[in-house]
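Participant: Take a look at this one; I'll ask things after.
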Amino acid sequence: MAGSSSHHIRNICVFGGSNPGKEKEFLESANHFGQVLVERKIQLVYGEGGLGLMGGVSIAAFLGGSQVLGVVPKALAKGDIIGKTIGEELQVSTMSDRLNEMFNHADAFIVLLGGLGILEEIFHISSWAQLHIHHKPIGLLNINDFYDNLLSFLDQAVEQEFLTSSARQIIISAATTEQLIDQLQSFIPVIDPFMSRINWSTKESRKKFRLDLSLRL
């Protein structure tokens with residue numbers, strides 16, 4: 001839902017494929033995305049090395065003067081699987097740690113083109129927003145209508161009552177980087193009355209149990 005500006009975005013976490021894709025426009029759009037981050041004085045948080053679309057974004061942002069933070073699991077940092085990380089590198093133990101660190105360093109999220117890993121990341125972050133764990137804006141950069149079928153699936157999920165209309169509005173989409181960032185900056189979350197009852201800040205005292213595994217004769 002768009003409205004008056006409600007987000008001052010300083011750091012954007014970008015998810016994108018480690019491959020450049022088939023069409024030349026895909027990599028061109030990634031390079032342009034990095035340049036727009038520089039123009040708007042936005043820092044980049046990402047989770048890949050220097051290959052594919054994420055390489056295009058990170059290299060363009062870094063060369064333009066934006067701060068770049070790459071969050072990489074130690075297992076992937078070894079070898080040439082993802083290429084050399086651009087900018088500052090933060091190594092973590094697991095993929096879950098990776099997503100948590102990216103989340104903590106970001107004011108908003110943008111999804112470029114990609115495969116299974118990208119789908120996992122966008123739905124993970126979006127489900128957290130649905131549960132009101134956060135209200136950070138999330139956007140899809142829909143280059144060459146790449147995500148049209150995915151967006152249609154979400155609309156069908158609303159029609160079949162598997163997804164609420166408020167949850168559907170969590171994921172924003174646009175065909176250009178400029179338009180998408182504008183929409184993220186003016187994003188106002190739609191509060192689901194049912195989900196708003198969840199209090200994630202509640203800390204209850206928990207009893208500590210000791211498990212005795214000693215052999216008793």
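Naming scheme: A, B, ... for chains in displayed order of the structure tokens; residues 1 onward per chain; ligands 1 onward as shown.
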Determine, counting only C-alpha atoms, which protein, DNA and RNA residues have an atom within 9 Å of an atom of Lys136 (chain A); residues of the same chain fewer than 6 positions away are not included. Present the result as a ChimeraX atom specification.
Facilitator: /A:7,106-109,129,184,187,189
Participant: Hey, can you spit out that residue selection with all heavy atoms as a tab-separated table (two decimals), in the first residue's frame?
Facilitator:
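Resulting contents of selection.tsv:
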chain	number	residue	atom	x	y	z
A	7	HIS	N	9.52	5.39	5.17
A	7	HIS	CA	10.76	4.65	5.35
A	7	HIS	C	11.94	5.47	4.83
A	7	HIS	O	11.94	5.92	3.70
A	7	HIS	CB	10.72	3.32	4.59
A	7	HIS	CG	9.76	2.33	5.18
A	7	HIS	ND1	10.08	1.51	6.24
A	7	HIS	CD2	8.48	2.04	4.86
A	7	HIS	CE1	9.04	0.75	6.54
A	7	HIS	NE2	8.06	1.06	5.72
A	106	ALA	N	19.54	-4.75	7.30
A	106	ALA	CA	18.77	-4.15	6.19
A	106	ALA	C	17.58	-3.35	6.68
A	106	ALA	O	16.95	-3.68	7.69
A	106	ALA	CB	18.31	-5.23	5.23
A	107	ASP	N	17.26	-2.29	5.93
A	107	ASP	CA	16.03	-1.52	6.15
A	107	ASP	C	14.92	-1.96	5.20
A	107	ASP	O	13.75	-1.68	5.45
A	107	ASP	CB	16.28	-0.03	5.93
A	107	ASP	CG	17.37	0.52	6.84
A	107	ASP	OD1	17.35	0.22	8.04
A	107	ASP	OD2	18.26	1.24	6.32
A	108	ALA	N	15.30	-2.64	4.12
A	108	ALA	CA	14.34	-3.09	3.11
A	108	ALA	C	14.99	-4.22	2.31
A	108	ALA	O	16.21	-4.43	2.40
A	108	ALA	CB	13.94	-1.94	2.18
A	109	PHE	N	14.16	-4.91	1.53
A	109	PHE	CA	14.64	-6.06	0.75
A	109	PHE	C	14.17	-5.93	-0.69
A	109	PHE	O	13.02	-5.59	-0.94
A	109	PHE	CB	14.11	-7.37	1.34
A	109	PHE	CG	14.44	-7.55	2.80
A	109	PHE	CD1	13.56	-7.09	3.77
A	109	PHE	CD2	15.62	-8.15	3.19
A	109	PHE	CE1	13.86	-7.23	5.12
A	109	PHE	CE2	15.92	-8.31	4.53
A	109	PHE	CZ	15.04	-7.84	5.50
A	129	ALA	N	7.16	-11.07	7.76
A	129	ALA	CA	6.35	-9.86	7.73
A	129	ALA	C	4.88	-10.18	7.99
A	129	ALA	O	4.18	-9.45	8.68
A	129	ALA	CB	6.51	-9.15	6.38
A	184	LEU	N	9.09	1.27	-2.22
A	184	LEU	CA	9.52	0.79	-0.91
A	184	LEU	C	9.59	1.93	0.10
A	184	LEU	O	9.22	1.76	1.27
A	184	LEU	CB	10.90	0.11	-1.02
A	184	LEU	CG	11.00	-1.16	-1.86
A	184	LEU	CD1	12.40	-1.74	-1.77
A	184	LEU	CD2	9.99	-2.20	-1.41
A	187	PHE	N	6.10	2.79	1.26
A	187	PHE	CA	5.29	1.65	1.69
A	187	PHE	C	4.74	1.83	3.09
A	187	PHE	O	5.46	2.22	4.02
A	187	PHE	CB	6.14	0.38	1.63
A	187	PHE	CG	5.45	-0.85	2.17
A	187	PHE	CD1	4.45	-1.47	1.44
A	187	PHE	CD2	5.80	-1.38	3.39
A	187	PHE	CE1	3.82	-2.61	1.92
A	187	PHE	CE2	5.19	-2.52	3.88
A	187	PHE	CZ	4.19	-3.13	3.15
A	189	PRO	N	2.63	-0.62	5.71
A	189	PRO	CA	2.11	-1.98	5.87
A	189	PRO	C	0.64	-1.98	6.26
A	189	PRO	O	0.17	-1.10	6.98
A	189	PRO	CB	2.97	-2.58	6.98
A	189	PRO	CG	3.47	-1.39	7.74
A	189	PRO	CD	3.64	-0.30	6.73
Participant: Mind running region 101-177 of chain A against region 66-69 of chain A at 12 Å and telling me each contacting residue's nearest atom pair with the distance in Å (one decimal), counting only C-alpha atoms, chain and number ascending, as JSON lines?
Facilitator:
{"residue": "A:Glu101", "atom": "CA", "partner": "A:Leu69", "partner_atom": "CA", "distance": 10.4}
{"residue": "A:Met102", "atom": "CA", "partner": "A:Leu69", "partner_atom": "CA", "distance": 8.9}
{"residue": "A:His105", "atom": "CA", "partner": "A:Leu69", "partner_atom": "CA", "distance": 9.0}
{"residue": "A:Ala106", "atom": "CA", "partner": "A:Leu69", "partner_atom": "CA", "distance": 10.4}
Participant: Find, counting only C-alpha atoms, the residue in A:Ile86, A:Leu119, A:Ile181, A:Ala167 that gets nearest to Leu141 (chain A).
Facilitator: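 For Leu141 (chain A), the nearest of the given residues is A:Ile181.
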Participant: Excluding Val14 (chain A) and any residue of its chain fewer than 6 positions from it, enumerate the residues within 6 Å of it, using only C-alpha atoms, and give them as a list in words.
Facilitator: Tyr46, Phe109, Ile110 and Val111 of chain A
Participant: Within 7 Å of Arg10 (chain A), counting only C-alpha atoms, which residues qualify if same-chain residues fewer than 2 places away don't, as a PyMOL selection string?
Facilitator: chain A and resi 8+12+42-43+107
Participant: As an MDAnalysis selection string, please: the residues near Pro20 (chain A) (cut-off 12 Å, only C-alpha atoms, same-chain neighbours under 6 positions excluded).
Facilitator: chainID A and resid 26:31 50:57 112:115
Participant: Out of A:Ser186, A:Gln179, A:Asn11, A:Asn19, which residue has the shortest atom-to-atom distance to Asn104 (chain A) when counting only C-alpha atoms?
Facilitator: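 Smallest distance to Asn104 (chain A) is found for A:Asn11.
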Participant: Skip Met95 (chain A) itself and residues of its chain fewer than 6 positions away, then list as a PDB file with N, CA, C and O atoms, in the first residue's frame all residues within 12 Å of it, counting only C-alpha atoms.
Facilitator:
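In the end it all went to result.pdb:
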ATOM      1  N   GLY A  47      24.219 -11.599  -0.095  1.00  0.00           N
ATOM      2  CA  GLY A  47      24.660 -12.863   0.446  1.00  0.00           C
ATOM      3  C   GLY A  47      25.374 -13.752  -0.531  1.00  0.00           C
ATOM      4  O   GLY A  47      25.384 -14.972  -0.363  1.00  0.00           O
ATOM      5  N   GLU A  48      25.982 -13.177  -1.517  1.00  0.00           N
ATOM      6  CA  GLU A  48      26.682 -13.978  -2.518  1.00  0.00           C
ATOM      7  C   GLU A  48      28.103 -13.465  -2.687  1.00  0.00           C
ATOM      8  O   GLU A  48      28.527 -12.538  -1.990  1.00  0.00           O
ATOM      9  N   VAL A  71      27.385 -11.235   3.202  1.00  0.00           N
ATOM     10  CA  VAL A  71      27.240 -12.199   4.292  1.00  0.00           C
ATOM     11  C   VAL A  71      27.294 -13.595   3.689  1.00  0.00           C
ATOM     12  O   VAL A  71      26.423 -13.958   2.893  1.00  0.00           O
ATOM     13  N   VAL A  72      28.296 -14.374   4.075  1.00  0.00           N
ATOM     14  CA  VAL A  72      28.566 -15.634   3.394  1.00  0.00           C
ATOM     15  C   VAL A  72      28.786 -16.761   4.401  1.00  0.00           C
ATOM     16  O   VAL A  72      29.567 -16.603   5.338  1.00  0.00           O
ATOM     17  N   PRO A  73      28.109 -17.898   4.247  1.00  0.00           N
ATOM     18  CA  PRO A  73      28.421 -19.063   5.080  1.00  0.00           C
ATOM     19  C   PRO A  73      29.845 -19.537   4.827  1.00  0.00           C
ATOM     20  O   PRO A  73      30.327 -19.500   3.690  1.00  0.00           O
ATOM     21  N   LYS A  74      30.523 -19.984   5.874  1.00  0.00           N
ATOM     22  CA  LYS A  74      31.915 -20.398   5.747  1.00  0.00           C
ATOM     23  C   LYS A  74      32.075 -21.512   4.719  1.00  0.00           C
ATOM     24  O   LYS A  74      33.072 -21.556   3.999  1.00  0.00           O
ATOM     25  N   ALA A  75      31.105 -22.412   4.642  1.00  0.00           N
ATOM     26  CA  ALA A  75      31.202 -23.532   3.697  1.00  0.00           C
ATOM     27  C   ALA A  75      31.234 -23.046   2.259  1.00  0.00           C
ATOM     28  O   ALA A  75      31.911 -23.635   1.406  1.00  0.00           O
ATOM     29  N   LEU A  76      30.511 -21.958   1.954  1.00  0.00           N
ATOM     30  CA  LEU A  76      30.488 -21.422   0.599  1.00  0.00           C
ATOM     31  C   LEU A  76      31.660 -20.494   0.321  1.00  0.00           C
ATOM     32  O   LEU A  76      32.004 -20.250  -0.839  1.00  0.00           O
ATOM     33  N   ALA A  77      32.251 -19.966   1.382  1.00  0.00           N
ATOM     34  CA  ALA A  77      33.366 -19.040   1.205  1.00  0.00           C
ATOM     35  C   ALA A  77      34.617 -19.764   0.741  1.00  0.00           C
ATOM     36  O   ALA A  77      35.538 -19.150   0.199  1.00  0.00           O
ATOM     37  N   GLU A 101      21.599 -12.397   9.677  1.00  0.00           N
ATOM     38  CA  GLU A 101      22.510 -11.259   9.613  1.00  0.00           C
ATOM     39  C   GLU A 101      22.088 -10.278   8.524  1.00  0.00           C
ATOM     40  O   GLU A 101      22.130  -9.058   8.713  1.00  0.00           O
ATOM     41  N   MET A 102      21.692 -10.799   7.380  1.00  0.00           N
ATOM     42  CA  MET A 102      21.224  -9.929   6.301  1.00  0.00           C
ATOM     43  C   MET A 102      19.996  -9.149   6.747  1.00  0.00           C
ATOM     44  O   MET A 102      19.866  -7.949   6.477  1.00  0.00           O
ATOM     45  N   GLY A 117      16.912 -20.733  -4.519  1.00  0.00           N
ATOM     46  CA  GLY A 117      17.407 -20.012  -3.360  1.00  0.00           C
ATOM     47  C   GLY A 117      16.732 -18.664  -3.189  1.00  0.00           C
ATOM     48  O   GLY A 117      16.434 -18.238  -2.061  1.00  0.00           O
ATOM     49  N   GLU A 120      13.193 -19.132  -1.852  1.00  0.00           N
ATOM     50  CA  GLU A 120      13.231 -19.436  -0.420  1.00  0.00           C
ATOM     51  C   GLU A 120      13.428 -18.173   0.392  1.00  0.00           C
ATOM     52  O   GLU A 120      12.763 -17.959   1.425  1.00  0.00           O
ATOM     53  N   GLU A 121      14.308 -17.297  -0.066  1.00  0.00           N
ATOM     54  CA  GLU A 121      14.616 -16.083   0.690  1.00  0.00           C
ATOM     55  C   GLU A 121      13.447 -15.106   0.702  1.00  0.00           C
ATOM     56  O   GLU A 121      13.112 -14.550   1.756  1.00  0.00           O
TER      57      GLU A 121
END
Participant: Near region 125-127 of chain A, within 8 Å and counting only C-alpha atoms, which residues show up once chain neighbours fewer than 3 positions away are dropped, as a list in words?
Facilitator: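 Returned residues: Glu121, Ile122, Gln130, Leu131, Ile138, Ile170 and Ile171 of chain A.
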